[in-house]
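**Q** mmCIF, C-alpha atoms and all ligand atoms, file upload_12.cif:
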```cif
data_start
loop_
_atom_site.group_PDB
_atom_site.id
_atom_site.type_symbol
_atom_site.label_atom_id
_atom_site.label_comp_id
_atom_site.auth_asym_id
_atom_site.auth_seq_id
_atom_site.Cartn_x
_atom_site.Cartn_y
_atom_site.Cartn_z
ATOM 1 C CA MET W 1 16.232 12.058 -8.682
ATOM 2 C CA THR W 2 12.913 11.215 -7.070
ATOM 3 C CA ASP W 3 12.583 8.570 -4.368
ATOM 4 C CA LEU W 4 10.888 6.281 -6.882
ATOM 5 C CA GLN W 5 13.814 6.589 -9.283
ATOM 6 C CA ILE W 6 16.209 5.831 -6.441
ATOM 7 C CA ILE W 7 14.243 2.733 -5.435
ATOM 8 C CA HIS W 8 14.040 1.599 -9.044
ATOM 9 C CA GLY W 9 17.787 2.072 -9.413
ATOM 10 C CA ARG W 10 18.384 0.027 -6.271
ATOM 11 C CA LEU W 11 16.035 -2.701 -7.515
ATOM 12 C CA GLN W 12 17.937 -2.853 -10.778
ATOM 13 C CA HIS W 13 21.216 -2.992 -8.920
ATOM 14 C CA ALA W 14 19.846 -5.834 -6.774
ATOM 15 C CA ALA W 15 18.680 -7.659 -9.900
ATOM 16 C CA TYR W 16 22.240 -7.565 -11.243
ATOM 17 C CA LYS W 17 23.635 -8.617 -7.900
ATOM 18 C CA VAL W 18 21.486 -11.755 -7.525
ATOM 19 C CA THR W 19 22.084 -12.848 -11.133
ATOM 20 C CA ASP W 20 25.091 -13.840 -13.230
ATOM 21 C CA ASN W 21 26.168 -12.726 -16.691
ATOM 22 C CA PHE W 22 25.074 -15.322 -19.229
ATOM 23 C CA CYS W 23 26.447 -15.540 -22.761
ATOM 24 C CA TYR W 24 23.699 -16.783 -25.052
ATOM 25 C CA SER W 25 25.973 -17.722 -27.984
ATOM 26 C CA CYS W 26 28.167 -19.875 -25.741
ATOM 27 C CA TYR W 27 25.197 -20.762 -23.551
ATOM 28 C CA LYS W 28 26.982 -20.433 -20.254
ATOM 29 C CA VAL W 29 27.470 -18.269 -17.199
ATOM 30 C CA VAL W 30 30.385 -15.879 -17.639
ATOM 31 C CA GLU W 31 32.609 -14.093 -15.098
ATOM 32 C CA GLY W 32 33.794 -10.576 -15.891
ATOM 33 C CA ASP W 33 32.671 -7.975 -18.421
ATOM 34 C CA HIS W 34 33.364 -9.961 -21.578
ATOM 35 C CA CYS W 35 32.790 -13.587 -22.491
ATOM 36 C CA PRO W 36 36.231 -15.260 -22.474
ATOM 37 C CA ASP W 37 35.225 -17.446 -25.449
ATOM 38 C CA CYS W 38 33.456 -15.111 -27.902
ATOM 39 C CA GLY W 39 34.259 -11.664 -26.471
ATOM 40 C CA SER W 40 30.596 -10.660 -26.277
ATOM 41 C CA ASP W 41 29.361 -8.300 -23.588
ATOM 42 C CA ASP W 42 25.703 -8.604 -24.571
ATOM 43 C CA PHE W 43 24.730 -10.704 -21.605
ATOM 44 C CA MET W 44 21.474 -12.206 -20.505
ATOM 45 C CA ARG W 45 20.767 -12.437 -16.779
ATOM 46 C CA HIS W 46 20.983 -15.887 -15.216
ATOM 47 C CA LEU W 47 19.109 -16.463 -11.982
ATOM 48 C CA SER W 48 20.062 -19.744 -10.434
ATOM 49 C CA GLY W 49 17.096 -22.125 -10.210
ATOM 50 C CA VAL W 50 14.762 -19.724 -12.028
ATOM 51 C CA GLY W 51 15.984 -19.114 -15.564
ATOM 52 C CA VAL W 52 17.777 -17.063 -18.147
ATOM 53 C CA GLU W 53 16.351 -13.979 -19.836
ATOM 54 C CA TYR W 54 17.410 -10.584 -21.149
ATOM 55 C CA GLY W 55 16.804 -7.515 -18.998
ATOM 56 C CA THR W 56 16.240 -7.052 -15.284
ATOM 57 C CA GLU W 57 12.462 -6.523 -15.074
ATOM 58 C CA TRP W 58 11.755 -10.252 -14.691
ATOM 59 C CA VAL W 59 14.397 -10.518 -11.951
ATOM 60 C CA ILE W 60 12.884 -7.562 -10.081
ATOM 61 C CA GLU W 61 9.454 -9.148 -10.437
ATOM 62 C CA HIS W 62 10.817 -12.423 -9.065
ATOM 63 C CA LEU W 63 12.474 -10.684 -6.098
ATOM 64 C CA ILE W 64 9.344 -8.761 -5.185
ATOM 65 C CA GLN W 65 6.957 -11.654 -5.638
ATOM 66 C CA THR W 66 9.011 -14.262 -3.810
ATOM 67 C CA ARG W 67 10.367 -12.124 -0.976
ATOM 68 C CA LEU W 68 7.527 -9.720 -0.211
ATOM 69 C CA THR W 69 3.820 -9.821 0.531
ATOM 70 C CA PRO W 70 1.559 -7.155 -0.951
ATOM 71 C CA VAL W 71 -0.413 -5.056 1.508
ATOM 72 C CA ASP W 72 -4.046 -5.976 2.122
ATOM 73 C CA GLY W 73 -5.685 -2.800 0.811
ATOM 74 C CA GLU W 74 -9.131 -3.713 2.139
ATOM 75 C CA ALA W 75 -7.902 -4.412 5.641
ATOM 76 C CA GLN W 76 -5.911 -1.189 5.629
ATOM 77 C CA PHE W 77 -8.895 0.891 4.510
ATOM 78 C CA GLU W 78 -11.184 -0.799 7.066
ATOM 79 C CA LYS W 79 -8.742 0.084 9.819
ATOM 80 C CA LEU W 80 -8.592 3.685 8.605
ATOM 81 C CA LEU W 81 -12.388 4.006 8.579
ATOM 82 C CA ASP W 82 -12.747 2.457 12.025
ATOM 83 C CA GLU W 83 -10.107 4.775 13.442
ATOM 84 C CA CYS W 84 -11.579 7.909 11.872
ATOM 85 C CA TYR W 85 -15.265 7.398 12.531
ATOM 86 C CA PRO W 86 -17.238 6.377 15.609
ATOM 87 C CA GLU W 87 -19.168 3.117 15.779
ATOM 88 C CA ILE W 88 -22.740 3.301 14.574
ATOM 89 C CA LYS W 89 -25.439 2.384 17.061
ATOM 90 C CA ILE W 90 -28.870 1.268 15.998
ATOM 91 C CA GLY W 91 -30.955 0.275 18.979
ATOM 92 C CA CYS W 92 -28.926 -2.224 20.915
ATOM 93 C CA CYS W 93 -26.669 -3.107 17.989
ATOM 94 C CA THR W 94 -23.302 -1.558 17.210
ATOM 95 C CA TYR W 95 -21.691 -1.556 13.780
ATOM 96 C CA SER W 96 -18.213 -0.611 12.732
ATOM 97 C CA PRO W 97 -18.026 2.141 10.056
ATOM 98 C CA SER W 98 -16.034 -0.122 7.747
ATOM 99 C CA GLN W 99 -18.663 -2.873 7.801
ATOM 100 C CA VAL W 100 -21.460 -0.353 7.251
ATOM 101 C CA LEU W 101 -19.785 1.191 4.211
ATOM 102 C CA LYS W 102 -18.688 -2.175 2.830
ATOM 103 C CA ASN W 103 -22.222 -3.568 2.991
ATOM 104 C CA LEU W 104 -24.254 -0.488 2.151
ATOM 105 C CA ASP W 105 -22.107 0.828 -0.670
ATOM 106 C CA PRO W 106 -19.613 -1.774 -1.889
ATOM 107 C CA LEU W 107 -18.619 0.395 -4.857
ATOM 108 C CA ALA W 108 -17.764 3.390 -2.673
ATOM 109 C CA PHE W 109 -15.837 1.018 -0.422
ATOM 110 C CA LYS W 110 -13.833 -0.373 -3.351
ATOM 111 C CA LEU W 111 -13.108 3.111 -4.635
ATOM 112 C CA GLY W 112 -11.982 4.144 -1.155
ATOM 113 C CA VAL W 113 -9.648 1.148 -0.979
ATOM 114 C CA SER W 114 -7.882 2.063 -4.207
ATOM 115 C CA GLU W 115 -7.805 5.796 -3.450
ATOM 116 C CA ASN W 116 -6.268 5.076 -0.071
ATOM 117 C CA LEU W 117 -3.606 2.845 -1.659
ATOM 118 C CA GLU W 118 -2.831 5.450 -4.311
ATOM 119 C CA SER W 119 -2.459 8.253 -1.785
ATOM 120 C CA LEU W 120 -0.185 6.121 0.412
ATOM 121 C CA ALA W 121 1.906 5.392 -2.674
ATOM 122 C CA GLU W 122 2.064 9.115 -3.465
ATOM 123 C CA ASP W 123 3.270 9.768 0.081
ATOM 124 C CA GLY W 124 6.031 7.233 -0.484
ATOM 125 C CA GLN W 125 4.718 4.796 2.134
ATOM 126 C CA LEU W 126 3.759 2.182 -0.431
ATOM 127 C CA TYR W 127 5.410 1.025 -3.625
ATOM 128 C CA GLU W 128 3.197 0.040 -6.527
ATOM 129 C CA TYR W 129 4.360 -2.863 -8.608
ATOM 130 C CA ASN W 130 2.277 -4.621 -11.286
ATOM 131 C CA GLY W 131 -0.957 -3.453 -9.695
ATOM 132 C CA ASP W 132 -0.005 -4.603 -6.195
ATOM 133 C CA TYR W 133 1.171 -2.367 -3.385
ATOM 134 C CA TYR W 134 4.079 -3.126 -1.077
ATOM 135 C CA GLU W 135 5.279 -1.414 2.095
ATOM 136 C CA MET W 136 8.182 0.832 1.135
ATOM 137 C CA SER W 137 9.913 -0.286 4.337
ATOM 138 C CA ASP W 138 9.677 -3.939 3.195
ATOM 139 C CA ILE W 139 11.260 -3.000 -0.150
ATOM 140 C CA ASP W 140 13.956 -1.110 1.737
ATOM 141 C CA ASP W 141 14.673 -4.049 4.062
ATOM 142 C CA MET W 142 14.837 -6.466 1.128
ATOM 143 C CA LEU W 143 17.276 -4.200 -0.735
ATOM 144 C CA ASP W 144 19.423 -3.724 2.389
ATOM 145 C CA GLU W 145 19.543 -7.505 2.755
ATOM 146 C CA ILE W 146 20.548 -8.104 -0.873
ATOM 147 C CA GLU W 147 23.108 -5.285 -0.800
ATOM 148 C CA ALA W 148 24.651 -6.800 2.346
ATOM 149 C CA GLU W 149 24.855 -10.350 0.920
HETATM 150 ZN ZN ZN W 201 30.365 -16.227 -25.384
#
```
Would you mind giving the structure from this file in structure tokens?
Ligand SMILES: [Zn+2]

**A**
Amino acid sequence: MTDLQIIHGRLQHAAYKVTDNFCYSCYKVVEGDHCPDCGSDDFMRHLSGVGVEYGTEWVIEHLIQTRLTPVDGEAQFEKLLDECYPEIKIGCCTYSPSQVLKNLDPLAFKLGVSENLESLAEDGQLYEYNGDYYEMSDIDDMLDEIEAE
């Protein structure tokens, strides 16, 4: 199993943990593996205060969006540029590499931002979800918290 599969498995597990089984035919939350009234085990997930739906993707989305903040890709790339390259002096003025690139070649800057995010995700430092990137350590902390609840 890859790290991503492990994280996805843990997210799914967390989604089950924070939700209840919900029997749609009886329209109620159910304890145990089968509905005591109709015997069904085809449960929807019920997340208190949020809703009822089949599957766990929407629960995972809710957990990530309400508990975590996506990384600021631009700020991260600016920091990287300013750490890697010296300041640029023109006469008496000094410019940071990030501001120079951002203003002179906004397209190259944008491309750099997304390439940087992608490579951090490939390294396992970031987790991509619905087009946003999250610190893997934040995902880890959130899962530890839910697993400990
Ligand atoms: Zn039922």

**Q** Excluding stretch 72-80 of chain W and residues on its chain fewer than 4 positions from it, collect all residues at most 12 Å away from it, counting all atoms listed in the file, and give them as a CSV table (one decimal) with C-alpha atoms, in the frame of the given file.

**A**
```
chain,number,residue,atom,x,y,z
W,84,CYS,CA,-11.6,7.9,11.9
W,85,TYR,CA,-15.3,7.4,12.5
W,86,PRO,CA,-17.2,6.4,15.6
W,96,SER,CA,-18.2,-0.6,12.7
W,97,PRO,CA,-18.0,2.1,10.1
W,98,SER,CA,-16.0,-0.1,7.7
W,99,GLN,CA,-18.7,-2.9,7.8
W,100,VAL,CA,-21.5,-0.4,7.3
W,101,LEU,CA,-19.8,1.2,4.2
W,102,LYS,CA,-18.7,-2.2,2.8
W,106,PRO,CA,-19.6,-1.8,-1.9
W,108,ALA,CA,-17.8,3.4,-2.7
W,109,PHE,CA,-15.8,1.0,-0.4
W,110,LYS,CA,-13.8,-0.4,-3.4
W,111,LEU,CA,-13.1,3.1,-4.6
W,112,GLY,CA,-12.0,4.1,-1.2
W,113,VAL,CA,-9.6,1.1,-1.0
W,114,SER,CA,-7.9,2.1,-4.2
W,115,GLU,CA,-7.8,5.8,-3.4
W,116,ASN,CA,-6.3,5.1,-0.1
W,117,LEU,CA,-3.6,2.8,-1.7
W,118,GLU,CA,-2.8,5.4,-4.3
W,119,SER,CA,-2.5,8.3,-1.8
W,120,LEU,CA,-0.2,6.1,0.4
W,121,ALA,CA,1.9,5.4,-2.7
W,126,LEU,CA,3.8,2.2,-0.4
W,128,GLU,CA,3.2,0.0,-6.5
W,131,GLY,CA,-1.0,-3.5,-9.7
W,132,ASP,CA,0.0,-4.6,-6.2
W,133,TYR,CA,1.2,-2.4,-3.4
W,134,TYR,CA,4.1,-3.1,-1.1
W,135,GLU,CA,5.3,-1.4,2.1
```

**Q** Mind listing as a short mmCIF file (atom, residue, chain, number, x, y, z; two decimals) with C-alpha atoms, in the frame of the given file all residues within 12 Å of (17.7, -14.2, -18.2), counting all atoms listed in the file?

**A**
```
data_model
loop_
_atom_site.label_atom_id
_atom_site.label_comp_id
_atom_site.auth_asym_id
_atom_site.auth_seq_id
_atom_site.Cartn_x
_atom_site.Cartn_y
_atom_site.Cartn_z
CA ALA W 15 18.68 -7.66 -9.90
CA TYR W 16 22.24 -7.56 -11.24
CA VAL W 18 21.49 -11.76 -7.52
CA THR W 19 22.08 -12.85 -11.13
CA ASP W 20 25.09 -13.84 -13.23
CA ASN W 21 26.17 -12.73 -16.69
CA PHE W 22 25.07 -15.32 -19.23
CA CYS W 23 26.45 -15.54 -22.76
CA TYR W 24 23.70 -16.78 -25.05
CA TYR W 27 25.20 -20.76 -23.55
CA LYS W 28 26.98 -20.43 -20.25
CA VAL W 29 27.47 -18.27 -17.20
CA ASP W 42 25.70 -8.60 -24.57
CA PHE W 43 24.73 -10.70 -21.60
CA MET W 44 21.47 -12.21 -20.50
CA ARG W 45 20.77 -12.44 -16.78
CA HIS W 46 20.98 -15.89 -15.22
CA LEU W 47 19.11 -16.46 -11.98
CA SER W 48 20.06 -19.74 -10.43
CA GLY W 49 17.10 -22.12 -10.21
CA VAL W 50 14.76 -19.72 -12.03
CA GLY W 51 15.98 -19.11 -15.56
CA VAL W 52 17.78 -17.06 -18.15
CA GLU W 53 16.35 -13.98 -19.84
CA TYR W 54 17.41 -10.58 -21.15
CA GLY W 55 16.80 -7.52 -19.00
CA THR W 56 16.24 -7.05 -15.28
CA GLU W 57 12.46 -6.52 -15.07
CA TRP W 58 11.76 -10.25 -14.69
CA VAL W 59 14.40 -10.52 -11.95
CA ILE W 60 12.88 -7.56 -10.08
CA HIS W 62 10.82 -12.42 -9.06
#
```

**Q** Residues at most 9 Å from W:Met142, counting only C-alpha atoms, excluding those fewer than 6 positions away in the same chain, as an MDAnalysis selection string?

**A** chainID W and resid 63:64 67:68

**Q** Select the residues contacting ligand ZN 201 (chain W) at a distance of at most 6 Å, based on all atoms listed in the file, then format the selection as a PyMOL selection string.

**A** chain W and resi 23+25-26+35+37-38+40

**Q** In Å, rounded to a single decimal, give me how far atom CA of W:Glu122 is from atom CA of W:Thr2.

**A** 11.6 Å

**Q** Produce stretch 22-53 of chain W of the given structure as output with N, CA and C atoms, as a PDB file, in the first residue's frame.

**A**
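The resulting out37.pdb:
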```
ATOM      1  N   PHE W  22     -27.400   5.076   9.185  1.00  0.00           N
ATOM      2  CA  PHE W  22     -28.732   5.657   9.031  1.00  0.00           C
ATOM      3  C   PHE W  22     -29.536   4.789   8.066  1.00  0.00           C
ATOM      4  N   CYS W  23     -30.660   4.262   8.549  1.00  0.00           N
ATOM      5  CA  CYS W  23     -31.514   3.447   7.694  1.00  0.00           C
ATOM      6  C   CYS W  23     -32.491   4.353   6.959  1.00  0.00           C
ATOM      7  N   TYR W  24     -32.403   4.335   5.620  1.00  0.00           N
ATOM      8  CA  TYR W  24     -33.233   5.256   4.845  1.00  0.00           C
ATOM      9  C   TYR W  24     -34.700   4.834   4.868  1.00  0.00           C
ATOM     10  N   SER W  25     -34.952   3.517   4.783  1.00  0.00           N
ATOM     11  CA  SER W  25     -36.363   3.056   4.763  1.00  0.00           C
ATOM     12  C   SER W  25     -37.068   3.419   6.070  1.00  0.00           C
ATOM     13  N   CYS W  26     -36.370   3.285   7.184  1.00  0.00           N
ATOM     14  CA  CYS W  26     -36.991   3.611   8.474  1.00  0.00           C
ATOM     15  C   CYS W  26     -36.731   5.064   8.861  1.00  0.00           C
ATOM     16  N   TYR W  27     -35.889   5.709   8.096  1.00  0.00           N
ATOM     17  CA  TYR W  27     -35.491   7.092   8.290  1.00  0.00           C
ATOM     18  C   TYR W  27     -35.054   7.392   9.717  1.00  0.00           C
ATOM     19  N   LYS W  28     -34.080   6.606  10.176  1.00  0.00           N
ATOM     20  CA  LYS W  28     -33.545   6.891  11.505  1.00  0.00           C
ATOM     21  C   LYS W  28     -32.124   6.354  11.671  1.00  0.00           C
ATOM     22  N   VAL W  29     -31.462   6.916  12.674  1.00  0.00           N
ATOM     23  CA  VAL W  29     -30.120   6.450  13.029  1.00  0.00           C
ATOM     24  C   VAL W  29     -30.235   5.084  13.683  1.00  0.00           C
ATOM     25  N   VAL W  30     -29.308   4.185  13.323  1.00  0.00           N
ATOM     26  CA  VAL W  30     -29.387   2.802  13.770  1.00  0.00           C
ATOM     27  C   VAL W  30     -28.083   2.408  14.459  1.00  0.00           C
ATOM     28  N   GLU W  31     -28.178   1.711  15.581  1.00  0.00           N
ATOM     29  CA  GLU W  31     -26.986   1.144  16.238  1.00  0.00           C
ATOM     30  C   GLU W  31     -26.765  -0.266  15.703  1.00  0.00           C
ATOM     31  N   GLY W  32     -25.525  -0.694  15.608  1.00  0.00           N
ATOM     32  CA  GLY W  32     -25.251  -2.065  15.192  1.00  0.00           C
ATOM     33  C   GLY W  32     -25.181  -2.223  13.680  1.00  0.00           C
ATOM     34  N   ASP W  33     -25.005  -3.484  13.242  1.00  0.00           N
ATOM     35  CA  ASP W  33     -24.745  -3.757  11.830  1.00  0.00           C
ATOM     36  C   ASP W  33     -26.013  -3.918  11.002  1.00  0.00           C
ATOM     37  N   HIS W  34     -27.134  -4.158  11.671  1.00  0.00           N
ATOM     38  CA  HIS W  34     -28.395  -4.302  10.948  1.00  0.00           C
ATOM     39  C   HIS W  34     -29.456  -3.440  11.602  1.00  0.00           C
ATOM     40  N   CYS W  35     -30.373  -2.927  10.774  1.00  0.00           N
ATOM     41  CA  CYS W  35     -31.464  -2.122  11.315  1.00  0.00           C
ATOM     42  C   CYS W  35     -32.389  -3.054  12.117  1.00  0.00           C
ATOM     43  N   PRO W  36     -32.657  -2.718  13.393  1.00  0.00           N
ATOM     44  CA  PRO W  36     -33.492  -3.593  14.207  1.00  0.00           C
ATOM     45  C   PRO W  36     -34.926  -3.703  13.672  1.00  0.00           C
ATOM     46  N   ASP W  37     -35.380  -2.723  12.891  1.00  0.00           N
ATOM     47  CA  ASP W  37     -36.756  -2.738  12.403  1.00  0.00           C
ATOM     48  C   ASP W  37     -36.924  -3.469  11.081  1.00  0.00           C
ATOM     49  N   CYS W  38     -36.041  -3.184  10.091  1.00  0.00           N
ATOM     50  CA  CYS W  38     -36.237  -3.785   8.765  1.00  0.00           C
ATOM     51  C   CYS W  38     -35.124  -4.761   8.396  1.00  0.00           C
ATOM     52  N   GLY W  39     -34.083  -4.859   9.221  1.00  0.00           N
ATOM     53  CA  GLY W  39     -33.016  -5.825   8.954  1.00  0.00           C
ATOM     54  C   GLY W  39     -31.995  -5.369   7.932  1.00  0.00           C
ATOM     55  N   SER W  40     -32.182  -4.190   7.360  1.00  0.00           N
ATOM     56  CA  SER W  40     -31.279  -3.722   6.303  1.00  0.00           C
ATOM     57  C   SER W  40     -29.887  -3.412   6.855  1.00  0.00           C
ATOM     58  N   ASP W  41     -28.869  -3.636   5.995  1.00  0.00           N
ATOM     59  CA  ASP W  41     -27.533  -3.189   6.382  1.00  0.00           C
ATOM     60  C   ASP W  41     -26.989  -2.229   5.332  1.00  0.00           C
ATOM     61  N   ASP W  42     -27.886  -1.735   4.489  1.00  0.00           N
ATOM     62  CA  ASP W  42     -27.506  -0.776   3.447  1.00  0.00           C
ATOM     63  C   ASP W  42     -27.690   0.633   4.007  1.00  0.00           C
ATOM     64  N   PHE W  43     -26.689   1.040   4.797  1.00  0.00           N
ATOM     65  CA  PHE W  43     -26.860   2.287   5.533  1.00  0.00           C
ATOM     66  C   PHE W  43     -26.330   3.499   4.793  1.00  0.00           C
ATOM     67  N   MET W  44     -27.006   4.635   5.046  1.00  0.00           N
ATOM     68  CA  MET W  44     -26.442   5.913   4.673  1.00  0.00           C
ATOM     69  C   MET W  44     -25.599   6.369   5.863  1.00  0.00           C
ATOM     70  N   ARG W  45     -24.771   7.418   5.627  1.00  0.00           N
ATOM     71  CA  ARG W  45     -24.019   7.986   6.741  1.00  0.00           C
ATOM     72  C   ARG W  45     -24.788   9.194   7.259  1.00  0.00           C
ATOM     73  N   HIS W  46     -24.866   9.315   8.570  1.00  0.00           N
ATOM     74  CA  HIS W  46     -25.545  10.451   9.187  1.00  0.00           C
ATOM     75  C   HIS W  46     -24.531  11.251   9.990  1.00  0.00           C
ATOM     76  N   LEU W  47     -24.340  12.504   9.576  1.00  0.00           N
ATOM     77  CA  LEU W  47     -23.409  13.369  10.292  1.00  0.00           C
ATOM     78  C   LEU W  47     -24.218  14.434  11.010  1.00  0.00           C
ATOM     79  N   SER W  48     -24.190  14.341  12.303  1.00  0.00           N
ATOM     80  CA  SER W  48     -25.001  15.202  13.151  1.00  0.00           C
ATOM     81  C   SER W  48     -24.801  16.681  12.792  1.00  0.00           C
ATOM     82  N   GLY W  49     -25.913  17.374  12.530  1.00  0.00           N
ATOM     83  CA  GLY W  49     -25.856  18.800  12.232  1.00  0.00           C
ATOM     84  C   GLY W  49     -25.499  19.113  10.794  1.00  0.00           C
ATOM     85  N   VAL W  50     -25.144  18.101   9.997  1.00  0.00           N
ATOM     86  CA  VAL W  50     -24.739  18.363   8.615  1.00  0.00           C
ATOM     87  C   VAL W  50     -25.690  17.703   7.623  1.00  0.00           C
ATOM     88  N   GLY W  51     -25.956  16.401   7.791  1.00  0.00           N
ATOM     89  CA  GLY W  51     -26.890  15.775   6.870  1.00  0.00           C
ATOM     90  C   GLY W  51     -26.751  14.269   6.788  1.00  0.00           C
ATOM     91  N   VAL W  52     -27.476  13.738   5.820  1.00  0.00           N
ATOM     92  CA  VAL W  52     -27.521  12.302   5.592  1.00  0.00           C
ATOM     93  C   VAL W  52     -27.282  12.064   4.109  1.00  0.00           C
ATOM     94  N   GLU W  53     -26.373  11.140   3.805  1.00  0.00           N
ATOM     95  CA  GLU W  53     -26.048  10.867   2.403  1.00  0.00           C
ATOM     96  C   GLU W  53     -25.362   9.512   2.340  1.00  0.00           C
TER      97      GLU W  53
END
```
